[in-house]
Every structure is written in C-alpha cells, then in structure tokens.
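Colleague: My structure is below; once you've seen it, I'll send some questions.
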Amino acid sequence: MLPYKAIYIEKHKTLIVSDIHLGKVGHFRNAGIAIPGGLAEADLVKLDMILQEIDVNELFVLGDLFHSGVNYDVRLFDAWRDVHHNIDINLVKGNHDIMSDEIYSHFEIRLHKKYFLWNRFLFTHKPLDESVQLNGCDYVFCGHIHPGVRLIGKGKQAVNLPCFHFTEKQCILPAFGEFTGKCIVKPNGKDRVFVVAKSENEYTVLKVDKNI
C-alpha cells in the first residue's frame, strides 16, 4: 500500500489504482458550478511522483479513470500519456467510463468491460457481495465506493480519512482522485483497515483499530 492511495506489486512492477475521475472538475465547470482549478493536474502529478519513485511497467485502473465525456481535463491526460507511453495501462471500465472505445484506443488503454483475472487476482470496479463464492481466483481488488473511516479522538473531535478496506475476500481501494467523496465503512471483526493520514507534512498508511 502506498500513501498515494495505490497498491504496488513489486514482483510484477504493477501499480493498482481506482477512481481517478479525470474530467470531473471540467464536468462540473461545464455545468456552471465553480470548482477550484488544478485538481486534475494534481492527480496526474501524483501519478508522476509514483513513477519517479518506483519502477512501474503496468498500471491497472479499477474503474472510473475518467468521469464523463471529453473536456480540458481529459486533454491533460493526453499530454501525460505522451510522456508515459512506455507504461502498459489496463482499465476495468467503471460506471463513469462512458467515452467511446476509440478514445481509449487513442490513449493505448486496454479495456476490460467488467472483470479481469490477473495472476489469480480478480480486478473489477464494484465490490462483490461477500456471499459470492470465488472460483478461479484467490482474492478480489475493487473500488467504486471510495471507502473511508471516521475516527473520533478523546476530545470528541472527528476526522474522515480515506482507507484501504480488506475483507476476507476483497480489498476495496480508496479513490485515487482528489476531487472525490468518501463512503464511511463499518468494518467487522475480521476486516483490516488502513487509513491514509498526514503526519509531519507527509502522507503515510496507518493500520487502525478494528473497533472504529
């Protein structure tokens, strides 16, 4: 787990992220809603930082790489892709990935409509029902809900933090994109939860108590 809200599998030089939602800022602005600029650039800069720090050959996006149709934010990705043309990108389409297949082809992105089985891991967008029996895979990686937890301090102060939520069968990744909300999850006794928190001006991944 990386503090950039991503998972890195070093053996395969593979990076896994979910819910970047590029183009969401442009989508809201086109609708006349005032949104601060620079958020799409921040997400792409964050990807740049990861690629500078670790060796990545393959990027898996577990849905919602883009938020809507083509706008200025998506054109930023076009320029980013030109720089990082050596990275293989796979996208398991999410509910917001609505652009034509030709556009993804232009970006040299391999599309997977619902699922993708990779080294006995199942990559998908939406979390599976925990009652589902897994056949042919060992574990599921997904996103979609933008998981977060609410932590309450001794003085009753509270903060909502994005988290990696590991259940017995699947890992739900936090949303990679900055312009996203959070769905507060309630882990059970067997789940493991790791929050992305800021400590001494740096982001870090911390395990939290099960009784949150």
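Labeling convention for the structure tokens: chains A, B, ... as they appear, residues from 1 per chain, ligands from 1 in order of appearance.
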As a ChimeraX atom specification, please: the residues near Asn86 of chain A (cut-off 9 Å, only C-alpha atoms, same-chain neighbours under 5 positions excluded).
Modeller: /A:57-58,81
Colleague: Mind listing the strand (DSSP E) residues of segment 3-190 of chain A, per DSSP on the backbone, as JSON, numbers by chain?
Modeller: {"A": [7, 8, 9, 14, 15, 16, 17, 58, 59, 60, 61, 88, 89, 90, 91, 92, 109, 110, 111, 112, 115, 116, 117, 118, 121, 122, 123, 124, 139, 140, 141, 142, 147, 148, 149, 150, 151, 152, 158, 159, 160, 161, 162, 163, 164, 165, 166, 170, 171, 172, 183, 184]}
Colleague: What is the distance, in Å and to one decimal place, between atom CA of Phe121 of chain A and atom CA of Ile16 of chain A?
Modeller: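 About the pair atom CA of Phe121 of chain A and atom CA of Ile16 of chain A: they are 11.7 Å apart.
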Colleague: Taking only C-alpha atoms into account, name the residue in A:Phe194, A:Tyr104, A:Tyr203, A:Tyr8 that is nearest to Asp55 of chain A.
Modeller: A:Tyr8
Colleague: Separation of atom CA of Val185 of chain A and atom CA of Lys156 of chain A, in Å?
Modeller: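 Interatomic distance, atom CA of Val185 of chain A to atom CA of Lys156 of chain A: 19.1 Å.
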Colleague: Can you list, as a compact mmCIF listing (two decimals) with all heavy atoms, in the first residue's frame, all residues belonging to segment 2-203 of chain A that DSSP tags as alpha helix (DSSP H)?
Modeller:
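Okay, this is what ended up in result_34.txt:
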# COMPACT_ATOMS: atom_id res chain seq x y z
N LYS A 24 -13.69 15.25 -13.96
CA LYS A 24 -14.81 15.60 -13.07
C LYS A 24 -14.87 17.10 -12.84
O LYS A 24 -15.96 17.70 -12.81
CB LYS A 24 -14.68 14.85 -11.75
CG LYS A 24 -15.90 15.01 -10.84
CD LYS A 24 -15.79 14.12 -9.61
CE LYS A 24 -17.06 14.21 -8.77
NZ LYS A 24 -16.97 13.32 -7.56
N VAL A 25 -13.70 17.73 -12.67
CA VAL A 25 -13.68 19.18 -12.48
C VAL A 25 -14.26 19.88 -13.69
O VAL A 25 -15.11 20.77 -13.58
CB VAL A 25 -12.23 19.65 -12.22
CG1 VAL A 25 -12.17 21.18 -12.25
CG2 VAL A 25 -11.74 19.14 -10.87
N GLY A 26 -13.81 19.48 -14.89
CA GLY A 26 -14.34 20.08 -16.11
C GLY A 26 -15.82 19.84 -16.28
O GLY A 26 -16.56 20.71 -16.76
N HIS A 27 -16.29 18.66 -15.88
CA HIS A 27 -17.71 18.33 -15.97
C HIS A 27 -18.54 19.28 -15.11
O HIS A 27 -19.59 19.80 -15.56
CB HIS A 27 -17.92 16.89 -15.51
CG HIS A 27 -19.34 16.44 -15.48
ND1 HIS A 27 -20.07 16.20 -16.61
CD2 HIS A 27 -20.18 16.21 -14.43
CE1 HIS A 27 -21.30 15.82 -16.27
NE2 HIS A 27 -21.39 15.82 -14.97
N PHE A 28 -18.10 19.56 -13.90
CA PHE A 28 -18.84 20.46 -13.01
C PHE A 28 -18.76 21.90 -13.51
O PHE A 28 -19.73 22.64 -13.42
CB PHE A 28 -18.30 20.35 -11.58
CG PHE A 28 -18.91 19.23 -10.79
CD1 PHE A 28 -18.60 17.91 -11.06
CD2 PHE A 28 -19.81 19.49 -9.77
CE1 PHE A 28 -19.15 16.87 -10.34
CE2 PHE A 28 -20.38 18.45 -9.04
CZ PHE A 28 -20.06 17.14 -9.33
N ARG A 29 -17.58 22.28 -14.01
CA ARG A 29 -17.44 23.64 -14.51
C ARG A 29 -18.34 23.87 -15.73
O ARG A 29 -18.93 24.94 -15.88
CB ARG A 29 -15.98 23.92 -14.86
CG ARG A 29 -15.12 24.18 -13.64
CD ARG A 29 -13.69 24.46 -14.04
NE ARG A 29 -12.94 25.04 -12.95
CZ ARG A 29 -11.66 25.37 -13.01
NH1 ARG A 29 -10.99 25.15 -14.13
NH2 ARG A 29 -11.04 25.89 -11.98
N ASN A 30 -18.44 22.87 -16.59
CA ASN A 30 -19.32 23.00 -17.76
C ASN A 30 -20.78 23.14 -17.35
O ASN A 30 -21.59 23.69 -18.10
CB ASN A 30 -19.16 21.79 -18.68
CG ASN A 30 -17.82 21.79 -19.39
OD1 ASN A 30 -17.16 22.82 -19.49
ND2 ASN A 30 -17.40 20.61 -19.87
N LEU A 39 -7.05 20.52 -9.85
CA LEU A 39 -7.25 19.21 -9.24
C LEU A 39 -6.86 18.08 -10.19
O LEU A 39 -6.26 17.09 -9.77
CB LEU A 39 -8.71 19.06 -8.79
CG LEU A 39 -9.13 19.99 -7.65
CD1 LEU A 39 -10.61 19.85 -7.37
CD2 LEU A 39 -8.33 19.69 -6.39
N ALA A 40 -7.22 18.20 -11.46
CA ALA A 40 -6.83 17.17 -12.42
C ALA A 40 -5.32 17.12 -12.55
O ALA A 40 -4.72 16.04 -12.61
CB ALA A 40 -7.48 17.44 -13.78
N GLU A 41 -4.68 18.29 -12.61
CA GLU A 41 -3.22 18.33 -12.68
C GLU A 41 -2.61 17.67 -11.46
O GLU A 41 -1.61 16.95 -11.57
CB GLU A 41 -2.73 19.78 -12.78
CG GLU A 41 -3.06 20.47 -14.09
CD GLU A 41 -4.35 21.27 -14.02
OE1 GLU A 41 -5.24 20.86 -13.25
OE2 GLU A 41 -4.46 22.28 -14.73
N ALA A 42 -3.21 17.86 -10.27
CA ALA A 42 -2.68 17.28 -9.04
C ALA A 42 -2.69 15.76 -9.10
O ALA A 42 -1.74 15.10 -8.66
CB ALA A 42 -3.48 17.77 -7.84
N ASP A 43 -3.75 15.18 -9.67
CA ASP A 43 -3.82 13.72 -9.77
C ASP A 43 -2.74 13.18 -10.71
O ASP A 43 -2.12 12.15 -10.44
CB ASP A 43 -5.20 13.29 -10.26
CG ASP A 43 -6.29 13.55 -9.23
OD1 ASP A 43 -5.98 13.54 -8.03
OD2 ASP A 43 -7.44 13.78 -9.63
N LEU A 44 -2.52 13.87 -11.82
CA LEU A 44 -1.52 13.42 -12.77
C LEU A 44 -0.11 13.66 -12.22
O LEU A 44 0.80 12.84 -12.46
CB LEU A 44 -1.70 14.14 -14.11
CG LEU A 44 -3.00 13.80 -14.84
CD1 LEU A 44 -3.15 14.64 -16.09
CD2 LEU A 44 -3.07 12.31 -15.18
N VAL A 45 0.08 14.72 -11.48
CA VAL A 45 1.37 14.95 -10.81
C VAL A 45 1.63 13.85 -9.80
O VAL A 45 2.77 13.36 -9.66
CB VAL A 45 1.39 16.33 -10.13
CG1 VAL A 45 2.58 16.46 -9.18
CG2 VAL A 45 1.45 17.44 -11.17
N LYS A 46 0.59 13.42 -9.10
CA LYS A 46 0.75 12.34 -8.12
C LYS A 46 1.16 11.04 -8.81
O LYS A 46 2.03 10.31 -8.33
CB LYS A 46 -0.55 12.16 -7.34
CG LYS A 46 -0.45 11.18 -6.19
CD LYS A 46 -1.63 11.30 -5.23
CE LYS A 46 -2.97 11.12 -5.90
NZ LYS A 46 -4.08 11.00 -4.92
N LEU A 47 0.56 10.77 -9.97
CA LEU A 47 1.00 9.61 -10.75
C LEU A 47 2.45 9.75 -11.18
O LEU A 47 3.22 8.78 -11.13
CB LEU A 47 0.10 9.44 -11.98
CG LEU A 47 -1.18 8.63 -11.81
CD1 LEU A 47 -1.99 8.66 -13.11
CD2 LEU A 47 -0.89 7.19 -11.42
N ASP A 48 2.83 10.94 -11.58
CA ASP A 48 4.23 11.19 -11.95
C ASP A 48 5.16 10.89 -10.79
O ASP A 48 6.23 10.28 -10.97
CB ASP A 48 4.42 12.65 -12.39
CG ASP A 48 4.01 12.89 -13.83
OD1 ASP A 48 4.03 11.94 -14.63
OD2 ASP A 48 3.65 14.03 -14.15
N MET A 49 4.79 11.32 -9.59
CA MET A 49 5.63 11.10 -8.42
C MET A 49 5.83 9.62 -8.15
O MET A 49 6.94 9.17 -7.82
CB MET A 49 5.01 11.79 -7.20
CG MET A 49 5.03 13.30 -7.26
SD MET A 49 4.09 14.07 -5.91
CE MET A 49 5.03 13.49 -4.49
N ILE A 50 4.76 8.85 -8.30
CA ILE A 50 4.88 7.40 -8.11
C ILE A 50 5.85 6.80 -9.13
O ILE A 50 6.72 6.01 -8.78
CB ILE A 50 3.50 6.73 -8.22
CG1 ILE A 50 2.57 7.20 -7.11
CG2 ILE A 50 3.63 5.21 -8.18
CD1 ILE A 50 1.15 6.70 -7.24
N LEU A 51 5.70 7.20 -10.38
CA LEU A 51 6.53 6.63 -11.44
C LEU A 51 7.99 7.05 -11.30
O LEU A 51 8.89 6.34 -11.78
CB LEU A 51 5.98 7.05 -12.81
CG LEU A 51 4.56 6.57 -13.12
CD1 LEU A 51 4.10 7.11 -14.47
CD2 LEU A 51 4.48 5.06 -13.11
N GLN A 52 8.24 8.17 -10.66
CA GLN A 52 9.61 8.60 -10.41
C GLN A 52 10.24 7.83 -9.25
O GLN A 52 11.45 7.61 -9.23
CB GLN A 52 9.65 10.10 -10.11
CG GLN A 52 9.36 10.98 -11.31
CD GLN A 52 9.18 12.44 -10.94
OE1 GLN A 52 9.47 12.84 -9.81
NE2 GLN A 52 8.70 13.24 -11.87
N GLU A 53 9.40 7.40 -8.29
CA GLU A 53 9.92 6.76 -7.09
C GLU A 53 10.06 5.25 -7.23
O GLU A 53 10.95 4.66 -6.61
CB GLU A 53 9.00 7.07 -5.90
CG GLU A 53 9.04 8.53 -5.47
CD GLU A 53 8.14 8.79 -4.27
OE1 GLU A 53 7.64 7.81 -3.67
OE2 GLU A 53 7.95 9.96 -3.93
N TYR A 72 -11.35 19.58 -21.05
CA TYR A 72 -9.96 20.02 -20.91
C TYR A 72 -9.15 19.07 -20.03
O TYR A 72 -7.98 18.77 -20.33
CB TYR A 72 -9.91 21.44 -20.34
CG TYR A 72 -8.51 21.91 -20.03
CD1 TYR A 72 -7.62 22.23 -21.07
CD2 TYR A 72 -8.06 22.02 -18.72
CE1 TYR A 72 -6.33 22.65 -20.79
CE2 TYR A 72 -6.78 22.44 -18.43
CZ TYR A 72 -5.91 22.76 -19.47
OH TYR A 72 -4.64 23.16 -19.19
N ASP A 73 -9.75 18.59 -18.94
CA ASP A 73 -9.02 17.70 -18.04
C ASP A 73 -8.57 16.42 -18.75
O ASP A 73 -7.49 15.90 -18.49
CB ASP A 73 -9.89 17.33 -16.84
CG ASP A 73 -10.18 18.51 -15.94
OD1 ASP A 73 -9.52 19.56 -16.13
OD2 ASP A 73 -11.03 18.40 -15.04
N VAL A 74 -9.41 15.91 -19.63
CA VAL A 74 -9.06 14.71 -20.37
C VAL A 74 -7.92 15.00 -21.35
O VAL A 74 -7.04 14.15 -21.58
CB VAL A 74 -10.29 14.15 -21.11
CG1 VAL A 74 -9.92 12.93 -21.94
CG2 VAL A 74 -11.39 13.80 -20.11
N ARG A 75 -7.89 16.20 -21.90
CA ARG A 75 -6.79 16.58 -22.79
C ARG A 75 -5.46 16.63 -22.03
O ARG A 75 -4.39 16.38 -22.60
CB ARG A 75 -7.09 17.91 -23.47
CG ARG A 75 -8.32 17.84 -24.40
CD ARG A 75 -8.51 19.14 -25.18
NE ARG A 75 -9.74 19.08 -25.95
CZ ARG A 75 -10.89 19.64 -25.56
NH1 ARG A 75 -10.95 20.28 -24.41
NH2 ARG A 75 -11.97 19.55 -26.32
N LEU A 76 -5.52 16.96 -20.74
CA LEU A 76 -4.31 16.92 -19.92
C LEU A 76 -3.76 15.50 -19.86
O LEU A 76 -2.54 15.29 -19.89
CB LEU A 76 -4.61 17.42 -18.50
CG LEU A 76 -4.91 18.90 -18.32
CD1 LEU A 76 -5.29 19.17 -16.87
CD2 LEU A 76 -3.70 19.74 -18.70
N PHE A 77 -4.66 14.54 -19.76
CA PHE A 77 -4.23 13.14 -19.74
C PHE A 77 -3.58 12.76 -21.06
O PHE A 77 -2.62 11.96 -21.08
CB PHE A 77 -5.43 12.22 -19.45
CG PHE A 77 -5.06 10.76 -19.44
CD1 PHE A 77 -4.49 10.19 -18.32
CD2 PHE A 77 -5.28 9.96 -20.56
CE1 PHE A 77 -4.14 8.84 -18.31
CE2 PHE A 77 -4.94 8.63 -20.56
CZ PHE A 77 -4.36 8.06 -19.43
N ASP A 78 -4.06 13.31 -22.14
CA ASP A 78 -3.46 13.02 -23.45
C ASP A 78 -1.99 13.43 -23.45
O ASP A 78 -1.12 12.69 -23.92
CB ASP A 78 -4.23 13.78 -24.54
CG ASP A 78 -3.96 13.25 -25.93
OD1 ASP A 78 -3.29 12.21 -26.06
OD2 ASP A 78 -4.44 13.87 -26.89
N ALA A 79 -1.69 14.61 -22.90
CA ALA A 79 -0.31 15.07 -22.82
C ALA A 79 0.50 14.19 -21.86
O ALA A 79 1.66 13.87 -22.13
CB ALA A 79 -0.27 16.53 -22.37
N TRP A 80 -0.12 13.81 -20.75
CA TRP A 80 0.55 12.93 -19.78
C TRP A 80 0.87 11.58 -20.41
O TRP A 80 1.96 11.04 -20.21
CB TRP A 80 -0.36 12.74 -18.56
CG TRP A 80 0.22 11.88 -17.49
CD1 TRP A 80 0.95 12.28 -16.41
CD2 TRP A 80 0.11 10.44 -17.38
NE1 TRP A 80 1.31 11.20 -15.64
CE2 TRP A 80 0.81 10.07 -16.22
CE3 TRP A 80 -0.50 9.46 -18.15
CZ2 TRP A 80 0.90 8.74 -15.81
CZ3 TRP A 80 -0.40 8.13 -17.76
CH2 TRP A 80 0.29 7.78 -16.59
N ARG A 81 -0.06 11.07 -21.22
CA ARG A 81 0.15 9.77 -21.84
C ARG A 81 1.31 9.81 -22.83
O ARG A 81 2.06 8.83 -22.97
CB ARG A 81 -1.13 9.32 -22.55
CG ARG A 81 -1.07 7.88 -23.09
CD ARG A 81 -0.97 6.89 -21.96
NE ARG A 81 -1.12 5.52 -22.40
CZ ARG A 81 -0.23 4.56 -22.16
NH1 ARG A 81 0.89 4.84 -21.52
NH2 ARG A 81 -0.44 3.32 -22.56
N ASP A 82 1.48 10.92 -23.52
CA ASP A 82 2.60 11.06 -24.45
C ASP A 82 3.93 10.91 -23.72
O ASP A 82 4.88 10.32 -24.24
CB ASP A 82 2.55 12.42 -25.15
CG ASP A 82 1.49 12.47 -26.24
OD1 ASP A 82 1.05 11.39 -26.68
OD2 ASP A 82 1.10 13.58 -26.64
N VAL A 83 4.00 11.44 -22.52
CA VAL A 83 5.23 11.34 -21.73
C VAL A 83 5.45 9.92 -21.23
O VAL A 83 6.58 9.43 -21.19
CB VAL A 83 5.19 12.33 -20.55
CG1 VAL A 83 6.41 12.16 -19.64
CG2 VAL A 83 5.10 13.77 -21.06
N ASP A 101 -14.94 3.68 -27.22
CA ASP A 101 -13.77 2.81 -27.19
C ASP A 101 -12.63 3.38 -28.03
O ASP A 101 -11.45 3.13 -27.74
CB ASP A 101 -14.14 1.41 -27.71
CG ASP A 101 -15.03 0.65 -26.74
OD1 ASP A 101 -15.30 1.18 -25.64
OD2 ASP A 101 -15.45 -0.47 -27.08
N GLU A 102 -12.97 4.15 -29.04
CA GLU A 102 -11.93 4.73 -29.91
C GLU A 102 -11.03 5.69 -29.14
O GLU A 102 -9.83 5.77 -29.39
CB GLU A 102 -12.58 5.46 -31.10
CG GLU A 102 -13.19 4.54 -32.14
CD GLU A 102 -14.53 3.95 -31.71
OE1 GLU A 102 -15.10 4.45 -30.70
OE2 GLU A 102 -14.99 2.99 -32.36
N ILE A 103 -11.61 6.41 -28.17
CA ILE A 103 -10.81 7.34 -27.38
C ILE A 103 -9.84 6.58 -26.49
O ILE A 103 -8.66 6.94 -26.37
CB ILE A 103 -11.72 8.26 -26.55
CG1 ILE A 103 -12.51 9.18 -27.49
CG2 ILE A 103 -10.90 9.10 -25.56
CD1 ILE A 103 -13.52 10.06 -26.79
N TYR A 104 -10.31 5.51 -25.87
CA TYR A 104 -9.40 4.70 -25.04
C TYR A 104 -8.31 4.08 -25.91
O TYR A 104 -7.16 3.97 -25.48
CB TYR A 104 -10.19 3.61 -24.31
CG TYR A 104 -11.20 4.16 -23.34
CD1 TYR A 104 -12.55 4.25 -23.69
CD2 TYR A 104 -10.82 4.60 -22.08
CE1 TYR A 104 -13.49 4.75 -22.80
CE2 TYR A 104 -11.74 5.11 -21.18
CZ TYR A 104 -13.08 5.19 -21.55
OH TYR A 104 -14.00 5.69 -20.66
N SER A 105 -8.68 3.68 -27.11
CA SER A 105 -7.69 3.13 -28.04
C SER A 105 -6.65 4.18 -28.40
O SER A 105 -5.45 3.87 -28.52
CB SER A 105 -8.40 2.62 -29.30
OG SER A 105 -7.46 2.12 -30.23
N HIS A 106 -7.08 5.42 -28.56
CA HIS A 106 -6.15 6.51 -28.84
C HIS A 106 -5.13 6.65 -27.71
O HIS A 106 -3.95 6.93 -27.96
CB HIS A 106 -6.91 7.82 -29.01
CG HIS A 106 -6.04 9.05 -29.00
ND1 HIS A 106 -5.25 9.40 -30.06
CD2 HIS A 106 -5.84 9.98 -28.03
CE1 HIS A 106 -4.58 10.51 -29.76
NE2 HIS A 106 -4.92 10.88 -28.54
Colleague: Residues within 12 Å of Lys186 of chain A, please, as number ranges by chain. Count only C-alpha atoms; anything in the same chain fewer than 5 positions from it doesn't count.
Modeller: A: 147-151, 163, 165-167, 191-193, 209-212
Colleague: Quick one: residues within 6 Å of Leu91 of chain A, only C-alpha atoms counted, chain neighbours fewer than 3 positions away excluded, as a VMD selection string?
Modeller: chain A and resid 60 to 61 111
Colleague: Rounded to one decimal in Å, what is the spacing between atom CA of Leu134 of chain A and atom CA of Asp88 of chain A?
Modeller: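 Interatomic distance here is 27.2 Å.
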Colleague: Nearest residue to Glu202 of chain A out of A:Pro3, A:Phe66, A:Asp138, A:Gln170, using only C-alpha atoms?
Modeller: A:Pro3
Colleague: Tell me which of A:Lys13, A:His144, A:Lys126, A:Arg110 sits closest to Lys182 of chain A, counting only C-alpha atoms.
Modeller: A:His144
Colleague: Which of these residues is nearest to Phe116 of chain A, using only C-alpha atoms: A:Tyr4, A:Phe164, A:Phe141, A:Phe176?
Modeller: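 Nearest to Phe116 of chain A: A:Phe141.
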Colleague: Point out the residue among A:Ile20, A:Ile184, A:Ile152, A:Val56 with the least atom-to-atom distance to His96 of chain A, counting only C-alpha atoms.
Modeller: A:Ile20
Colleague: Using only C-alpha atoms, which of the listed residues (A:Lys114, A:Arg120, A:His85, A:His146) sits closest to Glu178 of chain A?
Modeller: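 Distance minimum relative to Glu178 of chain A lands on A:His146.
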